[in-house]
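> To be precise about what I am sending: the file is called input03.txt and holds compact mmCIF, C-alpha atoms.
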# COMPACT_ATOMS: atom_id res chain seq x y z
CA MET A 30 0.00 0.00 0.00
CA LEU A 31 0.97 3.65 -0.36
CA ASN A 32 2.39 5.03 2.84
CA ILE A 33 1.87 8.78 3.09
CA SER A 34 3.99 10.87 5.45
CA PHE A 35 4.68 8.13 7.99
CA PHE A 36 8.23 9.40 8.38
CA ALA A 37 10.06 12.65 7.86
CA ALA A 38 11.42 13.12 4.36
CA ASP A 39 15.01 13.31 5.60
CA LYS A 40 14.74 9.74 6.87
CA LEU A 41 13.55 8.51 3.50
CA LYS A 42 16.19 9.93 1.19
CA ASN A 43 19.32 8.16 -0.07
CA LEU A 44 18.95 5.22 2.30
CA PRO A 45 20.90 2.03 1.69
CA LEU A 46 18.64 -0.51 0.01
CA THR A 47 18.81 -2.78 3.05
CA ASN A 48 17.21 -0.10 5.21
CA ILE A 49 14.43 1.09 2.93
CA ASN A 50 11.73 -1.31 4.09
CA LYS A 51 12.15 -0.16 7.67
CA PHE A 52 10.58 3.12 6.67
CA THR A 53 8.37 2.53 3.63
CA MET A 54 5.83 0.09 2.28
CA ASN A 55 6.03 -0.38 -1.48
CA GLY A 56 7.91 2.86 -2.01
CA LEU A 57 9.85 3.59 -5.18
CA ARG A 58 13.53 2.68 -5.21
CA ILE A 59 15.81 4.16 -7.85
CA GLY A 60 19.27 2.79 -7.17
CA ASN A 61 20.11 3.86 -3.63
CA LEU A 62 17.50 6.61 -3.71
CA ALA A 63 14.40 5.88 -1.66
CA ILE A 64 11.13 7.63 -2.50
CA ALA A 65 8.62 6.77 0.22
CA VAL A 66 5.54 7.26 -1.95
CA PRO A 67 5.89 6.00 -5.55
CA ILE A 68 4.87 9.34 -7.04
CA ILE A 69 7.09 11.65 -9.07
CA GLN A 70 5.54 15.05 -9.65
CA GLY A 71 5.76 15.92 -13.34
CA GLY A 72 7.76 18.95 -14.42
CA MET A 73 5.46 21.71 -15.68
CA GLY A 74 6.68 24.79 -17.47
CA VAL A 75 6.78 27.61 -17.80
CA GLY A 76 6.90 28.35 -14.08
CA ILE A 77 4.11 26.01 -12.98
CA SER A 78 6.30 23.61 -10.98
CA LEU A 79 9.10 25.47 -9.28
CA SER A 80 10.46 25.22 -5.75
CA GLY A 81 7.09 25.78 -4.10
CA LEU A 82 5.29 22.79 -5.56
CA ALA A 83 8.37 20.57 -5.74
CA SER A 84 9.23 21.01 -2.06
CA ALA A 85 5.63 20.43 -0.97
CA VAL A 86 5.48 17.13 -2.88
CA ALA A 87 8.86 16.10 -1.48
CA ASN A 88 7.66 16.81 2.05
CA GLU A 89 4.82 14.32 1.54
CA GLY A 90 7.25 11.56 0.56
CA GLY A 91 7.05 11.91 -3.21
CA ALA A 92 9.67 13.31 -5.57
CA GLY A 93 9.21 17.00 -6.36
CA VAL A 94 10.38 18.21 -9.76
CA ILE A 95 11.36 21.73 -10.80
CA SER A 96 10.78 22.64 -14.45
CA SER A 97 13.80 24.28 -16.05
CA ALA A 98 11.81 25.64 -19.00
CA GLY A 99 11.73 29.41 -19.44
CA LEU A 100 13.58 30.29 -16.27
CA GLY A 101 15.47 32.98 -18.17
CA LEU A 102 12.25 34.98 -18.43
CA LEU A 103 11.28 34.42 -14.81
CA TYR A 104 14.70 35.65 -13.71
CA LYS A 105 15.20 38.39 -16.32
CA ASP A 106 15.86 40.92 -13.53
CA PHE A 107 19.11 39.08 -12.80
CA SER A 108 20.29 39.25 -16.40
CA SER A 109 18.87 40.31 -19.76
CA ASP A 110 20.76 37.38 -21.25
CA PHE A 111 18.19 34.56 -21.40
CA LEU A 112 20.74 31.74 -21.10
CA GLU A 113 22.61 33.36 -18.20
CA ALA A 114 19.39 34.12 -16.36
CA SER A 115 18.21 30.52 -16.88
CA ILE A 116 21.29 29.07 -15.16
CA TYR A 117 20.94 31.50 -12.27
CA GLY A 118 17.21 30.80 -12.02
CA LEU A 119 17.67 27.05 -11.84
CA LYS A 120 20.26 27.38 -9.09
CA GLU A 121 17.90 29.68 -7.18
CA GLU A 122 14.91 27.33 -7.49
CA ILE A 123 17.00 24.37 -6.31
CA ARG A 124 18.26 26.45 -3.38
CA LYS A 125 14.75 27.55 -2.44
CA ALA A 126 13.45 24.00 -2.61
CA ARG A 127 16.21 22.75 -0.32
CA GLU A 128 15.35 25.42 2.21
CA LYS A 129 11.84 23.97 2.42
CA THR A 130 12.50 20.23 2.32
CA LEU A 131 14.98 17.46 2.98
CA GLY A 132 13.04 15.22 0.62
CA VAL A 133 13.72 14.15 -2.96
CA ILE A 134 14.09 17.01 -5.47
CA GLY A 135 14.56 16.65 -9.22
CA VAL A 136 14.74 18.82 -12.33
CA ASN A 137 12.94 18.34 -15.63
CA VAL A 138 14.79 19.37 -18.80
CA MET A 139 13.37 19.22 -22.31
CA VAL A 140 15.78 17.85 -24.93
CA ALA A 141 14.27 20.33 -27.40
CA MET A 142 15.50 23.33 -25.39
CA THR A 143 18.50 25.18 -26.79
CA ASN A 144 19.97 25.44 -23.29
CA PHE A 145 19.52 21.71 -22.61
CA THR A 146 23.24 21.27 -21.94
CA ASP A 147 23.44 24.22 -19.54
CA MET A 148 20.39 23.06 -17.60
CA ILE A 149 21.67 19.48 -17.32
CA LYS A 150 25.14 20.58 -16.22
CA THR A 151 23.66 22.98 -13.66
CA ALA A 152 21.31 20.38 -12.22
CA ILE A 153 24.11 17.83 -11.87
CA SER A 154 26.55 20.34 -10.36
CA GLU A 155 23.87 21.32 -7.83
CA LYS A 156 23.53 17.61 -7.02
CA VAL A 157 19.78 17.30 -7.48
CA ASP A 158 18.50 13.82 -6.73
CA LEU A 159 17.21 13.12 -10.22
CA ILE A 160 16.78 14.52 -13.71
CA THR A 161 13.86 13.70 -15.97
CA ALA A 162 14.41 14.46 -19.66
CA GLY A 163 11.92 14.23 -22.51
CA ALA A 164 10.59 16.14 -25.55
CA GLY A 165 13.18 14.28 -27.60
CA LEU A 166 15.54 11.40 -26.93
CA PRO A 167 18.29 12.36 -24.43
CA LEU A 168 20.89 10.12 -26.07
CA ASP A 169 23.92 11.89 -24.58
CA LEU A 170 22.58 12.47 -21.06
CA PRO A 171 25.13 10.25 -19.23
CA SER A 172 28.00 12.19 -20.80
CA PHE A 173 27.40 15.03 -18.34
CA LEU A 174 27.96 12.96 -15.21
CA LYS A 175 31.17 13.39 -13.21
CA LYS A 176 32.92 10.77 -11.10
CA ASP A 177 31.32 12.12 -7.93
CA SER A 178 27.85 12.68 -9.43
CA THR A 179 24.94 11.24 -7.48
CA THR A 180 22.09 12.47 -9.69
CA LYS A 181 19.84 9.76 -11.14
CA LEU A 182 19.08 9.99 -14.87
CA ILE A 183 15.52 9.24 -15.99
CA PRO A 184 14.60 9.54 -19.68
CA ILE A 185 10.97 10.11 -20.65
CA VAL A 186 9.80 7.93 -23.55
CA SER A 187 6.56 7.17 -25.36
CA SER A 188 7.30 3.66 -26.63
CA ALA A 189 9.19 0.42 -26.03
CA ARG A 190 11.20 1.18 -29.17
CA ALA A 191 12.47 4.48 -27.75
CA THR A 192 13.31 2.67 -24.51
CA LYS A 193 15.41 0.15 -26.38
CA ILE A 194 17.24 2.83 -28.36
CA ILE A 195 18.16 4.78 -25.23
CA CYS A 196 19.29 1.70 -23.29
CA GLU A 197 21.43 0.46 -26.17
CA LYS A 198 22.99 3.87 -26.87
CA TRP A 199 23.71 4.65 -23.24
CA LYS A 200 25.25 1.25 -22.61
CA ALA A 201 27.36 1.26 -25.76
CA ASN A 202 28.59 4.83 -25.49
CA TYR A 203 28.78 5.40 -21.72
CA ASP A 204 28.50 1.95 -20.09
CA TYR A 205 25.45 3.33 -18.32
CA LEU A 206 21.80 2.32 -18.16
CA PRO A 207 18.89 4.55 -17.12
CA ASP A 208 18.36 4.67 -13.37
CA ALA A 209 14.64 4.53 -14.18
CA VAL A 210 12.43 5.18 -17.19
CA ILE A 211 9.24 7.22 -17.43
CA VAL A 212 6.78 6.14 -20.12
CA GLU A 213 4.36 8.93 -20.89
CA GLY A 214 1.07 8.01 -22.53
CA PRO A 215 -1.10 10.13 -24.85
CA LYS A 216 -3.35 11.47 -22.06
CA ALA A 217 -0.51 13.58 -20.68
CA GLY A 218 -0.46 17.36 -20.65
CA GLY A 219 1.81 19.59 -22.68
CA HIS A 220 3.85 18.23 -25.54
CA LEU A 221 3.12 14.66 -26.55
CA GLY A 222 5.45 12.16 -28.19
CA PHE A 223 2.76 10.86 -30.52
CA LYS A 224 1.36 11.63 -33.95
CA GLU A 225 -2.07 13.23 -33.80
CA GLU A 226 -3.79 10.12 -35.10
CA GLN A 227 -2.18 8.03 -32.35
CA ILE A 228 -3.36 10.16 -29.43
CA PHE A 229 -6.86 8.69 -29.34
CA ASP A 230 -5.90 5.25 -30.66
CA ASN A 231 -6.30 2.58 -27.96
CA ASP A 232 -3.26 0.75 -29.33
CA TYR A 233 -1.14 3.57 -27.90
CA ALA A 234 -2.93 3.82 -24.55
CA LEU A 235 -0.78 3.88 -21.43
CA GLU A 236 -2.26 0.52 -20.40
CA LYS A 237 -0.73 -0.95 -23.58
CA LEU A 238 2.57 0.91 -23.28
CA VAL A 239 3.40 -0.11 -19.71
CA PRO A 240 3.60 -3.91 -20.24
CA ALA A 241 5.54 -3.38 -23.49
CA VAL A 242 8.14 -1.14 -21.86
CA VAL A 243 8.36 -3.42 -18.80
CA SER A 244 9.18 -6.32 -21.13
CA GLU A 245 11.81 -4.26 -22.94
CA LEU A 246 13.46 -3.18 -19.71
CA LYS A 247 13.48 -6.76 -18.42
CA ILE A 248 15.84 -7.71 -21.25
CA PHE A 249 18.41 -5.19 -20.06
CA GLU A 250 17.81 -5.94 -16.38
CA GLU A 251 18.53 -9.63 -16.90
CA LYS A 252 21.45 -9.08 -19.26
CA TYR A 253 23.23 -6.62 -16.96
CA ASP A 254 21.94 -7.82 -13.58
CA THR A 255 20.40 -4.51 -12.60
CA LYS A 256 17.03 -2.97 -11.79
CA ILE A 257 15.43 -0.29 -13.98
CA PRO A 258 12.11 0.82 -12.45
CA LEU A 259 9.38 1.92 -14.83
CA ILE A 260 7.34 4.98 -13.92
CA ALA A 261 4.05 5.45 -15.77
CA ALA A 262 2.63 8.85 -16.68
CA GLY A 263 -0.20 10.45 -18.61
CA GLY A 264 -3.79 10.53 -17.42
CA ILE A 265 -3.10 9.21 -13.92
CA TYR A 266 -5.34 11.26 -11.64
CA THR A 267 -6.62 9.12 -8.76
CA GLY A 268 -5.34 6.55 -6.30
CA GLY A 269 -7.40 4.03 -8.26
CA ASP A 270 -5.44 4.94 -11.40
CA ILE A 271 -2.22 4.35 -9.46
CA HIS A 272 -3.40 0.94 -8.28
CA LYS A 273 -4.35 -0.10 -11.80
CA ILE A 274 -1.09 0.99 -13.40
CA LEU A 275 1.09 -0.57 -10.68
CA ASP A 276 -0.74 -3.85 -11.26
CA LEU A 277 0.40 -3.69 -14.90
CA GLY A 278 4.04 -3.74 -13.83
CA ALA A 279 4.99 -0.11 -13.21
CA SER A 280 7.03 0.62 -10.08
CA GLY A 281 5.70 4.14 -9.69
CA VAL A 282 3.78 6.93 -11.37
CA GLN A 283 4.38 10.47 -12.51
CA MET A 284 1.53 12.91 -11.86
CA ALA A 285 1.29 16.57 -12.83
CA THR A 286 -2.23 17.80 -13.57
CA ARG A 287 -3.68 16.96 -10.17
CA PHE A 288 -1.02 19.08 -8.44
CA VAL A 289 -1.85 22.24 -10.42
CA THR A 290 -4.91 23.07 -8.32
CA THR A 291 -2.99 23.17 -5.05
CA ASP A 292 -2.06 26.04 -2.77
CA GLU A 293 1.61 25.29 -3.27
CA CYS A 294 1.60 25.18 -7.08
CA ASP A 295 3.73 28.06 -8.37
CA ALA A 296 1.19 29.24 -10.97
CA SER A 297 -1.10 32.24 -10.48
CA PRO A 298 -4.58 31.81 -9.00
CA ALA A 299 -6.04 32.60 -12.44
CA PHE A 300 -4.07 29.74 -14.02
CA LYS A 301 -5.38 27.31 -11.42
CA GLN A 302 -8.91 28.63 -11.88
CA ALA A 303 -8.68 27.82 -15.60
CA TYR A 304 -8.42 24.15 -14.62
CA ILE A 305 -11.37 24.39 -12.25
CA ASP A 306 -13.52 26.16 -14.84
CA ALA A 307 -12.60 23.81 -17.70
CA GLU A 308 -15.11 21.38 -19.11
CA SER A 309 -14.08 18.17 -20.86
CA SER A 310 -14.87 19.79 -24.21
CA ASP A 311 -12.48 22.67 -23.46
CA ILE A 312 -9.43 20.39 -23.49
CA GLU A 313 -7.99 20.16 -26.97
CA ILE A 314 -5.00 18.98 -28.95
CA ILE A 315 -3.12 21.91 -30.44
CA LYS A 316 -0.19 22.31 -32.80
CA SER A 317 2.82 23.71 -30.99
CA PRO A 318 5.69 25.70 -32.52
CA VAL A 319 7.94 23.05 -30.97
CA GLY A 320 6.77 20.71 -33.72
CA MET A 321 4.85 18.32 -31.49
CA PRO A 322 1.13 18.11 -30.71
CA GLY A 323 0.17 19.34 -27.27
CA ARG A 324 -2.82 19.18 -24.94
CA ALA A 325 -4.14 22.46 -23.60
CA ILE A 326 -7.25 24.26 -22.35
CA LEU A 327 -8.98 26.23 -25.09
CA SER A 328 -8.46 29.99 -24.73
CA ASN A 329 -9.10 33.12 -26.77
CA PHE A 330 -5.45 33.06 -27.72
CA ILE A 331 -5.72 29.58 -29.24
CA THR A 332 -8.80 30.72 -31.18
CA LYS A 333 -6.91 33.73 -32.54
CA VAL A 334 -4.01 31.52 -33.61
CA ARG A 335 -6.35 29.21 -35.49
CA GLU A 336 -7.82 32.23 -37.25
CA GLY A 337 -4.33 33.24 -38.35
CA LYS A 338 -4.17 36.38 -36.21
CA LYS A 339 -0.86 35.66 -34.47
CA GLN A 340 2.60 35.82 -36.00
CA PRO A 341 5.83 36.73 -34.18
CA LYS A 342 7.95 39.40 -35.83
CA LYS A 343 11.18 38.30 -34.20
CA CYS A 344 12.60 35.79 -31.74
CA SER A 345 14.29 37.24 -28.67
CA PHE A 346 15.01 33.98 -26.86
CA LYS A 347 15.74 31.13 -29.30
CA CYS A 348 14.60 28.78 -26.54
CA ILE A 349 13.57 25.77 -28.65
CA LYS A 350 15.82 24.04 -31.20
CA THR A 351 12.94 23.00 -33.45
CA CYS A 352 11.09 26.35 -33.49
CA ASP A 353 11.32 28.16 -36.86
CA ILE A 354 10.39 31.82 -36.34
CA SER A 355 9.56 32.22 -40.04
CA LYS A 356 6.85 29.56 -39.74
CA SER A 357 5.77 29.70 -36.10
CA PRO A 358 2.35 31.26 -35.51
CA TYR A 359 3.45 32.55 -32.10
CA CYS A 360 6.26 32.49 -29.52
CA ILE A 361 5.51 29.59 -27.24
CA ILE A 362 7.58 30.77 -24.28
CA VAL A 363 5.80 34.14 -24.23
CA ALA A 364 2.42 32.39 -24.53
CA LEU A 365 3.23 30.14 -21.57
CA ILE A 366 4.54 33.01 -19.45
CA ASN A 367 1.32 34.91 -20.13
CA ALA A 368 -0.71 31.86 -19.09
CA LEU A 369 1.35 31.50 -15.92
CA LYS A 370 0.16 35.01 -15.00
CA GLY A 371 -3.44 34.23 -15.96
CA ASN A 372 -3.41 36.20 -19.23
CA PHE A 373 -5.33 33.89 -21.57
CA GLU A 374 -5.87 36.56 -24.21
CA ASN A 375 -2.20 36.11 -24.99
CA GLY A 376 -1.48 32.59 -23.79
CA TYR A 377 -2.85 29.16 -22.90
CA ALA A 378 -2.55 26.53 -20.18
CA PHE A 379 -1.16 23.11 -20.97
CA CYS A 380 -3.00 20.36 -19.12
CA GLY A 381 -3.57 16.62 -18.92
CA ALA A 382 -6.70 14.90 -20.22
CA ASN A 383 -8.26 14.88 -16.74
CA ALA A 384 -7.82 18.56 -15.91
CA PHE A 385 -11.59 19.12 -16.09
CA ARG A 386 -11.99 16.91 -13.01
CA ALA A 387 -10.52 19.61 -10.75
CA THR A 388 -13.21 21.27 -8.63
CA LYS A 389 -11.33 23.20 -5.93
CA ILE A 390 -7.96 24.33 -4.62
CA SER A 391 -6.45 21.92 -2.08
CA SER A 392 -3.14 21.57 -0.30
CA VAL A 393 -0.57 19.08 -1.54
CA LYS A 394 -0.99 17.23 1.76
CA GLU A 395 -4.73 16.89 1.09
CA ILE A 396 -4.03 15.56 -2.40
CA PHE A 397 -1.73 12.87 -1.01
CA GLN A 398 -4.27 11.94 1.65
CA SER A 399 -6.97 11.69 -1.02
CA LEU A 400 -4.74 9.53 -3.23
CA LEU A 401 -4.11 7.17 -0.32
CA LYS A 402 -7.82 6.88 0.40
CA GLU A 403 -8.64 6.27 -3.27
CA TYR A 404 -5.84 3.74 -3.55
CA LYS A 405 -7.08 1.77 -0.53
CA GLU A 406 -10.66 1.82 -1.77
CA SER A 407 -9.62 0.54 -5.19
CA LYS A 408 -8.04 -2.53 -3.58
CA LYS A 409 -11.25 -3.65 -1.88
What's the structure tokens form of this structure?

Amino acid sequence: MLNISFFAADKLKNLPLTNINKFTMNGLRIGNLAIAVPIIQGGMGVGISLSGLASAVANEGGAGVISSAGLGLLYKDFSSDFLEASIYGLKEEIRKAREKTLGVIGVNVMVAMTNFTDMIKTAISEKVDLITAGAGLPLDLPSFLKKDSTTKLIPIVSSARATKIICEKWKANYDYLPDAVIVEGPKAGGHLGFKEEQIFDNDYALEKLVPAVVSELKIFEEKYDTKIPLIAAGGIYTGGDIHKILDLGASGVQMATRFVTTDECDASPAFKQAYIDAESSDIEIIKSPVGMPGRAILSNFITKVREGKKQPKKCSFKCIKTCDISKSPYCIIVALINALKGNFENGYAFCGANAFRATKISSVKEIFQSLLKEYKESKK
């Protein structure tokens, strides 16, 4: 069973494997890193999951994750140089999180970001507990580790095939295998690693992906006598969802959407209210300048884009490798910063498929308590 907040987070972090079961029941183990509750909070940018949300999740026994996306805009007062401000901002968010928790803290970095290397190097040098990396295949991620690095590396994939490619490349080039793998299904929020026609195809549902990736990982686990936990993500909203996906072979889950409507989430009240006000029909698949489909809440801005009323004149940030300013209908980082502030005339909120289920603002502690209750009830 899930075991919420039975012990202080500092007693649950980096324990030797032999000691883990003294403190947790079915927690998530990633190498020598012990996560009391098998929940990793998904990284949400721009500015949605920073030190506030990450530390709150960590204090409840999960793993809190800071999004590194767009930090250069959030910390523009430090430097007008986007890349320089991004490095400073990530260090500051990690520092702030550590002031609030002794629990597990990670950083999410998108492969598609132009400052991917800087963000990875910064996270590792700051000795965060884990890095999650998606929006592309992080084929060179282990190259950034130093001899004394303790950070766990967790790629985010959308298929067994991608899992195999990463495991083979990492092993061949760096003699390293992922410390864990996150498989993200098509019900996730934000950018999706699927073609549009696959998003609503049951053959690509998370329930199909999990057993396939578990089987792929088992090949490498047996060949190299190691353990590679699988963490499932995308559309997981309740404790019942957690129970179901763990029964399919996952060792843990990644959840993001349910943590948006919390007191501790770093977004503005207006951003959170957009989730509460959303109906199922308001959640749509959009085309992102990043070159991937994305899931978001319909806004006036999205409507204007579809009517051809938005076109950036210049690019001040060059934040995404795959974004072509000559073809992009808008600047995605500006749109997401506007949404963060609650300005939906000039932005939109990414969200998971279940965002419409939010009805009120709760504390992170209350969310964990609710998940435990739902999980227990689903086992009856």
> If we count all atoms listed in the file and set the cut-off at 8 Å, which residues sit around Ala164 of chain A, ignoring sequence neighbours fewer than 4 positions away in its own chain? Please answer as an MDAnalysis selection string.
chainID A and resid 139:141 185 220:222
> Compile the contact shell of segment 77-83 of chain A as a list in words: residues with an atom at most 7 Å away, counting all atoms listed in the file, same-chain residues fewer than 3 positions apart removed.
Gly72, Met73, Gly74, Val86, Ala87, Gly93, Val94, Ile95, Ser96, Glu122, Ile123, Lys125, Ala126, Ile134, Glu293, Cys294, Asp295, Ala296 and Leu369 of chain A
> Taking only C-alpha atoms into account, which of A:Tyr304, A:Tyr233, A:Phe111, A:Phe223 comes nearest Thr388 of chain A?
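Among A:Tyr304, A:Tyr233, A:Phe111, A:Phe223, it is A:Tyr304 that comes nearest to Thr388 of chain A.
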> Measure the distance from atom CA of Asn367 of chain A to atom CA of Ala303 of chain A in Å and round it to one decimal.
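Result for atom CA of Asn367 of chain A versus atom CA of Ala303 of chain A: 13.1 Å, one decimal.
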> Atom CA of Ile326 of chain A to atom CA of Gly118 of chain A: how many Å, to one decimal?
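Rounded to one decimal, the two atoms are 27.3 Å apart.
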> Please fill the gaps in segment 151-180 of chain A so it has N, CA and C atoms, and write that as a PDB file, in the frame of the given file.

ATOM      1  N   THR A 151      23.988  22.252 -14.897  1.00  0.00           N
ATOM      2  CA  THR A 151      23.660  22.980 -13.660  1.00  0.00           C
ATOM      3  C   THR A 151      22.987  22.062 -12.661  1.00  0.00           C
ATOM      4  N   ALA A 152      22.019  21.294 -13.118  1.00  0.00           N
ATOM      5  CA  ALA A 152      21.310  20.380 -12.220  1.00  0.00           C
ATOM      6  C   ALA A 152      22.250  19.368 -11.588  1.00  0.00           C
ATOM      7  N   ILE A 153      23.159  18.829 -12.385  1.00  0.00           N
ATOM      8  CA  ILE A 153      24.110  17.830 -11.870  1.00  0.00           C
ATOM      9  C   ILE A 153      25.097  18.480 -10.901  1.00  0.00           C
ATOM     10  N   SER A 154      25.587  19.666 -11.246  1.00  0.00           N
ATOM     11  CA  SER A 154      26.550  20.340 -10.360  1.00  0.00           C
ATOM     12  C   SER A 154      25.905  20.733  -9.035  1.00  0.00           C
ATOM     13  N   GLU A 155      24.594  20.992  -9.056  1.00  0.00           N
ATOM     14  CA  GLU A 155      23.870  21.320  -7.830  1.00  0.00           C
ATOM     15  C   GLU A 155      23.443  20.067  -7.071  1.00  0.00           C
ATOM     16  N   LYS A 156      23.769  18.914  -7.648  1.00  0.00           N
ATOM     17  CA  LYS A 156      23.530  17.610  -7.020  1.00  0.00           C
ATOM     18  C   LYS A 156      22.059  17.361  -6.694  1.00  0.00           C
ATOM     19  N   VAL A 157      21.191  17.668  -7.659  1.00  0.00           N
ATOM     20  CA  VAL A 157      19.780  17.300  -7.480  1.00  0.00           C
ATOM     21  C   VAL A 157      19.691  15.785  -7.458  1.00  0.00           C
ATOM     22  N   ASP A 158      18.628  15.273  -6.876  1.00  0.00           N
ATOM     23  CA  ASP A 158      18.500  13.820  -6.730  1.00  0.00           C
ATOM     24  C   ASP A 158      18.254  13.111  -8.047  1.00  0.00           C
ATOM     25  N   LEU A 159      17.505  13.764  -8.945  1.00  0.00           N
ATOM     26  CA  LEU A 159      17.210  13.120 -10.220  1.00  0.00           C
ATOM     27  C   LEU A 159      16.920  14.144 -11.299  1.00  0.00           C
ATOM     28  N   ILE A 160      17.128  13.718 -12.534  1.00  0.00           N
ATOM     29  CA  ILE A 160      16.780  14.520 -13.710  1.00  0.00           C
ATOM     30  C   ILE A 160      15.837  13.709 -14.570  1.00  0.00           C
ATOM     31  N   THR A 161      14.725  14.318 -14.983  1.00  0.00           N
ATOM     32  CA  THR A 161      13.860  13.700 -15.970  1.00  0.00           C
ATOM     33  C   THR A 161      14.021  14.495 -17.269  1.00  0.00           C
ATOM     34  N   ALA A 162      14.134  13.789 -18.385  1.00  0.00           N
ATOM     35  CA  ALA A 162      14.410  14.460 -19.660  1.00  0.00           C
ATOM     36  C   ALA A 162      13.567  13.854 -20.765  1.00  0.00           C
ATOM     37  N   GLY A 163      12.764  14.691 -21.420  1.00  0.00           N
ATOM     38  CA  GLY A 163      11.920  14.230 -22.510  1.00  0.00           C
ATOM     39  C   GLY A 163      11.831  15.276 -23.594  1.00  0.00           C
ATOM     40  N   ALA A 164      10.754  15.270 -24.383  1.00  0.00           N
ATOM     41  CA  ALA A 164      10.590  16.140 -25.550  1.00  0.00           C
ATOM     42  C   ALA A 164      11.758  15.945 -26.505  1.00  0.00           C
ATOM     43  N   GLY A 165      12.033  14.691 -26.792  1.00  0.00           N
ATOM     44  CA  GLY A 165      13.180  14.280 -27.600  1.00  0.00           C
ATOM     45  C   GLY A 165      13.929  13.180 -26.864  1.00  0.00           C
ATOM     46  N   LEU A 166      14.786  12.481 -27.559  1.00  0.00           N
ATOM     47  CA  LEU A 166      15.540  11.400 -26.930  1.00  0.00           C
ATOM     48  C   LEU A 166      16.854  11.944 -26.357  1.00  0.00           C
ATOM     49  N   PRO A 167      17.062  11.847 -25.055  1.00  0.00           N
ATOM     50  CA  PRO A 167      18.290  12.360 -24.430  1.00  0.00           C
ATOM     51  C   PRO A 167      19.439  11.360 -24.576  1.00  0.00           C
ATOM     52  N   LEU A 168      19.924  11.176 -25.782  1.00  0.00           N
ATOM     53  CA  LEU A 168      20.890  10.120 -26.070  1.00  0.00           C
ATOM     54  C   LEU A 168      22.261  10.352 -25.444  1.00  0.00           C
ATOM     55  N   ASP A 169      22.600  11.608 -25.142  1.00  0.00           N
ATOM     56  CA  ASP A 169      23.920  11.890 -24.580  1.00  0.00           C
ATOM     57  C   ASP A 169      23.870  12.256 -23.099  1.00  0.00           C
ATOM     58  N   LEU A 170      22.749  12.026 -22.444  1.00  0.00           N
ATOM     59  CA  LEU A 170      22.580  12.470 -21.060  1.00  0.00           C
ATOM     60  C   LEU A 170      23.671  11.970 -20.104  1.00  0.00           C
ATOM     61  N   PRO A 171      24.096  10.704 -20.175  1.00  0.00           N
ATOM     62  CA  PRO A 171      25.130  10.250 -19.230  1.00  0.00           C
ATOM     63  C   PRO A 171      26.487  10.930 -19.412  1.00  0.00           C
ATOM     64  N   SER A 172      26.699  11.559 -20.549  1.00  0.00           N
ATOM     65  CA  SER A 172      28.000  12.190 -20.800  1.00  0.00           C
ATOM     66  C   SER A 172      28.271  13.353 -19.847  1.00  0.00           C
ATOM     67  N   PHE A 173      27.238  13.869 -19.206  1.00  0.00           N
ATOM     68  CA  PHE A 173      27.400  15.030 -18.340  1.00  0.00           C
ATOM     69  C   PHE A 173      27.726  14.652 -16.894  1.00  0.00           C
ATOM     70  N   LEU A 174      27.658  13.395 -16.568  1.00  0.00           N
ATOM     71  CA  LEU A 174      27.960  12.960 -15.210  1.00  0.00           C
ATOM     72  C   LEU A 174      29.458  13.043 -14.922  1.00  0.00           C
ATOM     73  N   LYS A 175      29.787  13.395 -13.683  1.00  0.00           N
ATOM     74  CA  LYS A 175      31.170  13.390 -13.210  1.00  0.00           C
ATOM     75  C   LYS A 175      31.377  12.169 -12.311  1.00  0.00           C
ATOM     76  N   LYS A 176      32.616  11.938 -11.937  1.00  0.00           N
ATOM     77  CA  LYS A 176      32.920  10.770 -11.100  1.00  0.00           C
ATOM     78  C   LYS A 176      32.178  10.804  -9.773  1.00  0.00           C
ATOM     79  N   ASP A 177      31.960  12.006  -9.242  1.00  0.00           N
ATOM     80  CA  ASP A 177      31.320  12.120  -7.930  1.00  0.00           C
ATOM     81  C   ASP A 177      29.829  12.433  -8.040  1.00  0.00           C
ATOM     82  N   SER A 178      29.267  12.350  -9.242  1.00  0.00           N
ATOM     83  CA  SER A 178      27.850  12.680  -9.430  1.00  0.00           C
ATOM     84  C   SER A 178      26.955  11.644  -8.757  1.00  0.00           C
ATOM     85  N   THR A 179      25.899  12.122  -8.140  1.00  0.00           N
ATOM     86  CA  THR A 179      24.940  11.240  -7.480  1.00  0.00           C
ATOM     87  C   THR A 179      23.542  11.335  -8.115  1.00  0.00           C
ATOM     88  N   THR A 180      23.388  12.232  -9.060  1.00  0.00           N
ATOM     89  CA  THR A 180      22.090  12.470  -9.690  1.00  0.00           C
ATOM     90  C   THR A 180      21.647  11.271 -10.536  1.00  0.00           C
TER      91      THR A 180
END
